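Listing of final05.cif; format and content: mmCIF, N, CA and C atoms.
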data_input
#
loop_
_atom_site.label_atom_id
_atom_site.label_comp_id
_atom_site.auth_asym_id
_atom_site.auth_seq_id
_atom_site.Cartn_x
_atom_site.Cartn_y
_atom_site.Cartn_z
N MET S 1 137.87 44.37 90.60
CA MET S 1 138.44 44.84 91.86
C MET S 1 138.33 46.35 91.92
N ASN S 2 137.84 46.86 93.05
CA ASN S 2 137.71 48.30 93.23
C ASN S 2 139.07 48.94 93.44
N THR S 3 139.25 50.10 92.80
CA THR S 3 140.48 50.83 93.06
C THR S 3 140.24 51.69 94.29
N PRO S 4 141.20 51.66 95.22
CA PRO S 4 141.01 52.46 96.42
C PRO S 4 140.98 53.94 96.07
N ARG S 5 140.14 54.68 96.76
CA ARG S 5 140.07 56.12 96.50
C ARG S 5 141.29 56.80 97.11
N GLU S 6 141.67 57.90 96.52
CA GLU S 6 142.80 58.67 97.02
C GLU S 6 142.39 59.37 98.32
N LEU S 7 143.12 59.09 99.38
CA LEU S 7 142.83 59.69 100.67
C LEU S 7 144.00 60.54 101.12
N PRO S 8 143.71 61.65 101.79
CA PRO S 8 144.81 62.41 102.38
C PRO S 8 145.42 61.59 103.52
N THR S 9 146.73 61.66 103.65
CA THR S 9 147.41 60.92 104.71
C THR S 9 147.28 61.69 106.01
N PRO S 10 146.65 61.08 107.03
CA PRO S 10 146.51 61.79 108.30
C PRO S 10 147.83 61.85 109.06
N THR S 11 148.01 62.94 109.79
CA THR S 11 149.17 63.09 110.68
C THR S 11 148.93 62.24 111.92
N ASP S 12 149.93 62.13 112.78
CA ASP S 12 149.76 61.38 114.02
C ASP S 12 148.63 61.96 114.88
N ALA S 13 148.57 63.28 114.99
CA ALA S 13 147.52 63.91 115.79
C ALA S 13 146.14 63.65 115.17
N GLN S 14 146.06 63.68 113.85
CA GLN S 14 144.80 63.40 113.18
C GLN S 14 144.39 61.93 113.36
N LEU S 15 145.38 61.04 113.35
CA LEU S 15 145.09 59.62 113.60
C LEU S 15 144.54 59.42 115.01
N ASP S 16 145.08 60.14 115.99
CA ASP S 16 144.57 60.04 117.36
C ASP S 16 143.09 60.40 117.40
N ILE S 17 142.72 61.46 116.71
CA ILE S 17 141.31 61.90 116.67
C ILE S 17 140.46 60.88 115.93
N LEU S 18 140.96 60.37 114.80
CA LEU S 18 140.20 59.35 114.06
C LEU S 18 139.96 58.11 114.91
N HIS S 19 140.97 57.68 115.64
CA HIS S 19 140.80 56.49 116.50
C HIS S 19 139.69 56.71 117.53
N ILE S 20 139.65 57.88 118.11
CA ILE S 20 138.60 58.18 119.08
C ILE S 20 137.23 58.13 118.42
N LEU S 21 137.11 58.75 117.25
CA LEU S 21 135.82 58.77 116.56
C LEU S 21 135.42 57.38 116.06
N TRP S 22 136.38 56.59 115.58
CA TRP S 22 136.08 55.22 115.15
C TRP S 22 135.62 54.38 116.33
N ASP S 23 136.27 54.54 117.47
CA ASP S 23 135.97 53.71 118.64
C ASP S 23 134.71 54.17 119.39
N ARG S 24 134.51 55.48 119.49
CA ARG S 24 133.45 56.01 120.33
C ARG S 24 132.27 56.58 119.56
N GLY S 25 132.44 56.80 118.25
CA GLY S 25 131.36 57.37 117.45
C GLY S 25 131.50 58.88 117.33
N ALA S 26 130.55 59.47 116.61
CA ALA S 26 130.56 60.91 116.34
C ALA S 26 130.64 61.68 117.66
N ALA S 27 131.31 62.85 117.61
CA ALA S 27 131.52 63.62 118.84
C ALA S 27 131.73 65.09 118.52
N THR S 28 131.50 65.91 119.52
CA THR S 28 131.84 67.33 119.41
C THR S 28 133.34 67.48 119.65
N VAL S 29 133.85 68.67 119.36
CA VAL S 29 135.26 68.95 119.64
C VAL S 29 135.53 68.78 121.14
N ARG S 30 134.63 69.26 121.97
CA ARG S 30 134.81 69.17 123.43
C ARG S 30 134.90 67.71 123.86
N GLN S 31 134.00 66.87 123.39
CA GLN S 31 134.01 65.45 123.76
C GLN S 31 135.31 64.79 123.31
N ASP S 32 135.70 65.08 122.07
CA ASP S 32 136.92 64.49 121.53
C ASP S 32 138.13 64.98 122.32
N HIS S 33 138.18 66.28 122.60
CA HIS S 33 139.29 66.85 123.35
C HIS S 33 139.38 66.27 124.76
N ASP S 34 138.24 66.16 125.43
CA ASP S 34 138.23 65.63 126.80
C ASP S 34 138.79 64.20 126.82
N PHE S 35 138.41 63.40 125.85
CA PHE S 35 138.91 62.03 125.81
C PHE S 35 140.40 62.00 125.46
N LEU S 36 140.79 62.82 124.48
CA LEU S 36 142.19 62.88 124.05
C LEU S 36 143.10 63.36 125.18
N SER S 37 142.64 64.34 125.94
CA SER S 37 143.50 64.93 126.98
C SER S 37 143.70 63.99 128.18
N GLN S 38 142.98 62.88 128.23
CA GLN S 38 143.21 61.89 129.28
C GLN S 38 144.56 61.19 129.11
N THR S 39 145.04 61.14 127.87
CA THR S 39 146.30 60.44 127.61
C THR S 39 147.41 61.35 127.09
N LYS S 40 147.05 62.51 126.56
CA LYS S 40 148.06 63.43 126.00
C LYS S 40 147.72 64.86 126.40
N PRO S 41 148.74 65.62 126.77
CA PRO S 41 148.47 67.03 127.06
C PRO S 41 148.06 67.74 125.76
N SER S 42 146.99 68.50 125.83
CA SER S 42 146.48 69.13 124.63
C SER S 42 145.63 70.34 125.01
N GLN S 43 145.61 71.32 124.14
CA GLN S 43 144.76 72.49 124.31
C GLN S 43 143.49 72.30 123.48
N TYR S 44 142.37 72.78 123.99
CA TYR S 44 141.10 72.69 123.27
C TYR S 44 141.22 73.32 121.88
N THR S 45 141.85 74.50 121.82
CA THR S 45 141.94 75.20 120.54
C THR S 45 142.77 74.41 119.52
N THR S 46 143.75 73.67 120.00
CA THR S 46 144.54 72.82 119.10
C THR S 46 143.69 71.70 118.54
N THR S 47 142.90 71.05 119.39
CA THR S 47 142.01 69.99 118.93
C THR S 47 141.01 70.54 117.92
N LEU S 48 140.46 71.71 118.22
CA LEU S 48 139.51 72.36 117.31
C LEU S 48 140.16 72.60 115.95
N LYS S 49 141.36 73.17 115.94
CA LYS S 49 142.04 73.49 114.68
C LYS S 49 142.33 72.20 113.89
N ILE S 50 142.80 71.16 114.58
CA ILE S 50 143.09 69.90 113.90
C ILE S 50 141.83 69.34 113.26
N MET S 51 140.71 69.39 113.98
CA MET S 51 139.46 68.86 113.45
C MET S 51 138.95 69.71 112.29
N GLN S 52 139.17 71.02 112.33
CA GLN S 52 138.80 71.89 111.21
C GLN S 52 139.62 71.55 109.97
N VAL S 53 140.93 71.33 110.15
CA VAL S 53 141.80 70.95 109.03
C VAL S 53 141.37 69.60 108.47
N MET S 54 141.03 68.66 109.36
CA MET S 54 140.60 67.34 108.92
C MET S 54 139.31 67.42 108.10
N THR S 55 138.45 68.36 108.46
CA THR S 55 137.21 68.57 107.70
C THR S 55 137.56 69.11 106.31
N GLU S 56 138.48 70.06 106.24
CA GLU S 56 138.91 70.62 104.95
C GLU S 56 139.56 69.56 104.07
N LYS S 57 140.30 68.63 104.68
CA LYS S 57 140.99 67.57 103.93
C LYS S 57 140.05 66.44 103.50
N GLY S 58 138.82 66.43 104.04
CA GLY S 58 137.87 65.38 103.69
C GLY S 58 137.98 64.14 104.56
N LEU S 59 138.64 64.26 105.71
CA LEU S 59 138.73 63.13 106.64
C LEU S 59 137.54 63.09 107.60
N LEU S 60 136.98 64.27 107.90
CA LEU S 60 135.84 64.38 108.80
C LEU S 60 134.73 65.19 108.13
N GLU S 61 133.52 65.00 108.64
CA GLU S 61 132.39 65.82 108.23
C GLU S 61 131.81 66.44 109.50
N ARG S 62 131.39 67.70 109.38
CA ARG S 62 130.85 68.42 110.54
C ARG S 62 129.36 68.60 110.33
N ASP S 63 128.58 68.14 111.31
CA ASP S 63 127.13 68.33 111.31
C ASP S 63 126.83 69.59 112.10
N GLU S 64 126.33 70.61 111.43
CA GLU S 64 126.10 71.91 112.05
C GLU S 64 124.63 72.12 112.41
N SER S 65 123.83 71.05 112.40
CA SER S 65 122.39 71.20 112.64
C SER S 65 122.07 71.55 114.09
N ASP S 66 122.94 71.21 115.04
CA ASP S 66 122.73 71.58 116.44
C ASP S 66 123.67 72.72 116.81
N ARG S 67 123.47 73.27 117.98
CA ARG S 67 124.34 74.33 118.48
C ARG S 67 125.79 73.86 118.57
N SER S 68 125.99 72.66 119.10
CA SER S 68 127.32 72.07 119.16
C SER S 68 127.54 71.26 117.89
N HIS S 69 128.56 71.59 117.15
CA HIS S 69 128.86 70.88 115.91
C HIS S 69 129.39 69.49 116.24
N VAL S 70 128.86 68.50 115.54
CA VAL S 70 129.24 67.11 115.76
C VAL S 70 130.05 66.64 114.56
N TYR S 71 131.19 66.02 114.83
CA TYR S 71 132.08 65.53 113.78
C TYR S 71 131.99 64.01 113.69
N HIS S 72 132.05 63.51 112.46
CA HIS S 72 132.17 62.07 112.27
C HIS S 72 133.12 61.81 111.11
N PRO S 73 133.79 60.66 111.13
CA PRO S 73 134.79 60.37 110.10
C PRO S 73 134.15 60.08 108.75
N LEU S 74 134.82 60.53 107.70
CA LEU S 74 134.41 60.22 106.33
C LEU S 74 135.24 59.08 105.76
N VAL S 75 136.21 58.61 106.53
CA VAL S 75 137.07 57.51 106.11
C VAL S 75 136.94 56.39 107.13
N THR S 76 137.08 55.17 106.66
CA THR S 76 137.01 54.04 107.58
C THR S 76 138.40 53.69 108.10
N ARG S 77 138.42 53.01 109.20
CA ARG S 77 139.68 52.52 109.77
C ARG S 77 140.41 51.66 108.73
N GLU S 78 139.65 50.79 108.04
CA GLU S 78 140.24 49.88 107.05
C GLU S 78 140.87 50.63 105.88
N GLU S 79 140.21 51.70 105.42
CA GLU S 79 140.78 52.49 104.33
C GLU S 79 142.12 53.09 104.72
N ILE S 80 142.18 53.67 105.91
CA ILE S 80 143.43 54.29 106.37
C ILE S 80 144.49 53.23 106.61
N GLN S 81 144.11 52.10 107.21
CA GLN S 81 145.08 51.04 107.44
C GLN S 81 145.66 50.53 106.12
N GLN S 82 144.82 50.32 105.13
CA GLN S 82 145.32 49.84 103.83
C GLN S 82 146.21 50.87 103.17
N GLN S 83 145.81 52.13 103.24
CA GLN S 83 146.62 53.20 102.65
C GLN S 83 148.00 53.27 103.31
N MET S 84 148.03 53.21 104.63
CA MET S 84 149.30 53.34 105.34
C MET S 84 150.16 52.09 105.18
N ALA S 85 149.52 50.92 105.12
CA ALA S 85 150.28 49.68 104.88
C ALA S 85 150.91 49.71 103.49
N ALA S 86 150.15 50.18 102.50
CA ALA S 86 150.69 50.27 101.13
C ALA S 86 151.86 51.26 101.09
N TYR S 87 151.72 52.38 101.79
CA TYR S 87 152.79 53.36 101.85
C TYR S 87 154.05 52.75 102.47
N LEU S 88 153.87 52.10 103.63
CA LEU S 88 155.01 51.46 104.29
C LEU S 88 155.64 50.39 103.40
N MET S 89 154.80 49.56 102.79
CA MET S 89 155.32 48.49 101.95
C MET S 89 156.16 49.07 100.81
N ASN S 90 155.67 50.13 100.20
CA ASN S 90 156.38 50.72 99.06
C ASN S 90 157.62 51.50 99.48
N ARG S 91 157.49 52.32 100.52
CA ARG S 91 158.59 53.21 100.91
C ARG S 91 159.65 52.55 101.78
N VAL S 92 159.24 51.65 102.66
CA VAL S 92 160.18 51.08 103.62
C VAL S 92 160.62 49.68 103.22
N PHE S 93 159.71 48.91 102.62
CA PHE S 93 160.00 47.50 102.33
C PHE S 93 160.15 47.23 100.83
N GLY S 94 160.43 48.26 100.05
CA GLY S 94 160.73 48.09 98.63
C GLY S 94 159.60 47.45 97.83
N GLY S 95 158.36 47.62 98.27
CA GLY S 95 157.22 47.07 97.56
C GLY S 95 156.95 45.60 97.85
N SER S 96 157.68 45.00 98.76
CA SER S 96 157.55 43.58 99.05
C SER S 96 156.59 43.32 100.21
N ALA S 97 155.46 42.63 99.90
CA ALA S 97 154.52 42.25 100.95
C ALA S 97 155.17 41.29 101.93
N ARG S 98 156.03 40.41 101.42
CA ARG S 98 156.73 39.45 102.27
C ARG S 98 157.59 40.18 103.30
N SER S 99 158.37 41.15 102.84
CA SER S 99 159.24 41.90 103.76
C SER S 99 158.42 42.67 104.79
N LEU S 100 157.31 43.23 104.37
CA LEU S 100 156.43 43.94 105.30
C LEU S 100 155.91 42.99 106.37
N LEU S 101 155.44 41.82 105.97
CA LEU S 101 154.90 40.85 106.92
C LEU S 101 155.99 40.33 107.86
N VAL S 102 157.17 40.02 107.30
CA VAL S 102 158.27 39.55 108.14
C VAL S 102 158.66 40.64 109.15
N GLY S 103 158.70 41.88 108.69
CA GLY S 103 159.01 42.99 109.58
C GLY S 103 157.97 43.15 110.68
N ALA S 104 156.70 43.02 110.31
CA ALA S 104 155.63 43.15 111.30
C ALA S 104 155.67 42.00 112.31
N LEU S 105 155.88 40.80 111.82
CA LEU S 105 155.91 39.64 112.71
C LEU S 105 157.14 39.66 113.62
N GLY S 106 158.22 40.22 113.13
CA GLY S 106 159.43 40.32 113.95
C GLY S 106 159.40 41.44 114.95
N GLY S 107 158.45 42.37 114.77
CA GLY S 107 158.37 43.54 115.64
C GLY S 107 157.75 43.28 117.00
N LYS S 108 156.90 42.27 117.09
CA LYS S 108 156.28 41.94 118.37
C LYS S 108 155.79 40.50 118.33
N ARG S 109 155.62 39.95 119.51
CA ARG S 109 155.16 38.57 119.63
C ARG S 109 153.75 38.45 119.06
N THR S 110 153.53 37.40 118.29
CA THR S 110 152.24 37.17 117.67
C THR S 110 151.61 35.92 118.26
N SER S 111 150.34 36.01 118.62
CA SER S 111 149.66 34.87 119.23
C SER S 111 149.38 33.80 118.17
N LYS S 112 149.17 32.57 118.65
CA LYS S 112 148.83 31.47 117.75
C LYS S 112 147.53 31.78 117.01
N LYS S 113 146.60 32.42 117.70
CA LYS S 113 145.32 32.77 117.08
C LYS S 113 145.53 33.74 115.92
N GLU S 114 146.36 34.76 116.14
CA GLU S 114 146.64 35.73 115.07
C GLU S 114 147.34 35.06 113.89
N LEU S 115 148.29 34.17 114.17
CA LEU S 115 148.98 33.46 113.09
C LEU S 115 148.00 32.60 112.29
N ALA S 116 147.08 31.93 112.98
CA ALA S 116 146.07 31.11 112.29
C ALA S 116 145.17 31.99 111.42
N GLU S 117 144.81 33.17 111.93
CA GLU S 117 143.99 34.10 111.14
C GLU S 117 144.75 34.59 109.91
N LEU S 118 146.05 34.85 110.07
CA LEU S 118 146.86 35.26 108.92
C LEU S 118 146.94 34.16 107.87
N ARG S 119 147.13 32.92 108.32
CA ARG S 119 147.15 31.78 107.39
C ARG S 119 145.84 31.69 106.62
N GLN S 120 144.73 31.86 107.33
CA GLN S 120 143.42 31.79 106.69
C GLN S 120 143.26 32.92 105.67
N LEU S 121 143.69 34.14 106.02
CA LEU S 121 143.60 35.26 105.09
C LEU S 121 144.44 35.02 103.84
N ILE S 122 145.64 34.44 104.03
CA ILE S 122 146.50 34.15 102.88
C ILE S 122 145.85 33.10 102.00
N ASP S 123 145.28 32.05 102.62
CA ASP S 123 144.58 31.00 101.85
C ASP S 123 143.41 31.60 101.06
N GLU S 124 142.64 32.46 101.70
CA GLU S 124 141.50 33.09 101.02
C GLU S 124 141.96 33.98 99.88
N ARG S 125 143.06 34.70 100.11
CA ARG S 125 143.62 35.57 99.06
C ARG S 125 144.04 34.74 97.85
N GLU S 126 144.69 33.59 98.12
CA GLU S 126 145.11 32.72 97.03
C GLU S 126 143.93 32.19 96.23
N LYS S 127 142.83 31.94 96.91
CA LYS S 127 141.64 31.41 96.24
C LYS S 127 140.78 32.51 95.63
N GLY S 128 141.21 33.76 95.82
CA GLY S 128 140.48 34.88 95.24
C GLY S 128 139.23 35.28 95.98
N LYS S 129 139.15 34.93 97.26
CA LYS S 129 137.94 35.22 98.03
C LYS S 129 137.98 36.56 98.74
N THR S 130 139.13 37.24 98.77
CA THR S 130 139.20 38.54 99.42
C THR S 130 139.63 39.58 98.42
N LYS S 131 139.49 40.83 98.82
CA LYS S 131 139.86 41.92 97.91
C LYS S 131 141.34 41.96 97.67
#

Would you encode the structure as structure tokens?
Amino acid sequence: MNTPRELPTPTDAQLDILHILWDRGAATVRQDHDFLSQTKPSQYTTTLKIMQVMTEKGLLERDESDRSHVYHPLVTREEIQQQMAAYLMNRVFGGSARSLLVGALGGKRTSKKELAELRQLIDEREKGKTK
């Protein structure tokens, strides 16, 4: 089993930028800012600074080969989700996967399809077919 690599924990603002890059692909600061500002008030210079910090932390990589620098994530959505779920499980739910799942399921209505997918994932985990 692979040990997960140590990742810096992104802030909420950094997560917003990562979500845009994961969903839309590599982008310049301007492109990312324009998309971000559709839902949240933001200054271009703030977006630029956040993306520079994310590059320093190893969350993003900047391609400087063109006049406009293009950023792309160095971390996957799955890596960050697993890291944050482990953090929540340990800090909020006392290390209990059961408590985390019960808390998540109690937090919002879950479709029958999602419940079936969870059952399948648990079955696969028991059989050793997943990480």

Pick from S:Ala104, S:Leu118, S:Ile80, S:Ala86, whichever lies nearest to Leu7 of chain S using all atoms listed in the file: S:Ile80

Residue among S:Leu59, S:Gln82, S:Gly106, S:Arg67 lying closest to Leu18 of chain S, counting all atoms listed in the file: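 Using all atoms listed in the file, the shortest distance to Leu18 of chain S belongs to S:Leu59.
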
Backbone DSSP call of strand (DSSP E or B) for chain S, listed as a list of chain:residue names: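 Secondary structure check on chain S, strand (DSSP E or B): S:Ala27, S:Thr28, S:Leu60, S:Glu61, S:Arg62, S:Asp63, S:Val70, S:Tyr71, S:His72, S:Pro73.
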
Nearest candidate to Tyr44 of chain S (options S:Arg30, S:His19, S:Lys57, S:Arg62; using only C-alpha atoms):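 Once distances to Tyr44 of chain S are computed over only C-alpha atoms, the minimum belongs to S:Arg30.
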
Members of segment 29-124 of chain S assigned helix (DSSP H, G or I) by DSSP, as a PyMOL selection string: chain S and resi 29-36+44-57+77-91+97-107+112-124

Given the PyMOL selection byres ((chain S and resi 73) around 7), the residues it picks as a PyMOL selection string: chain S and resi 18+21-22+25-26+58-61+71-72+74-76
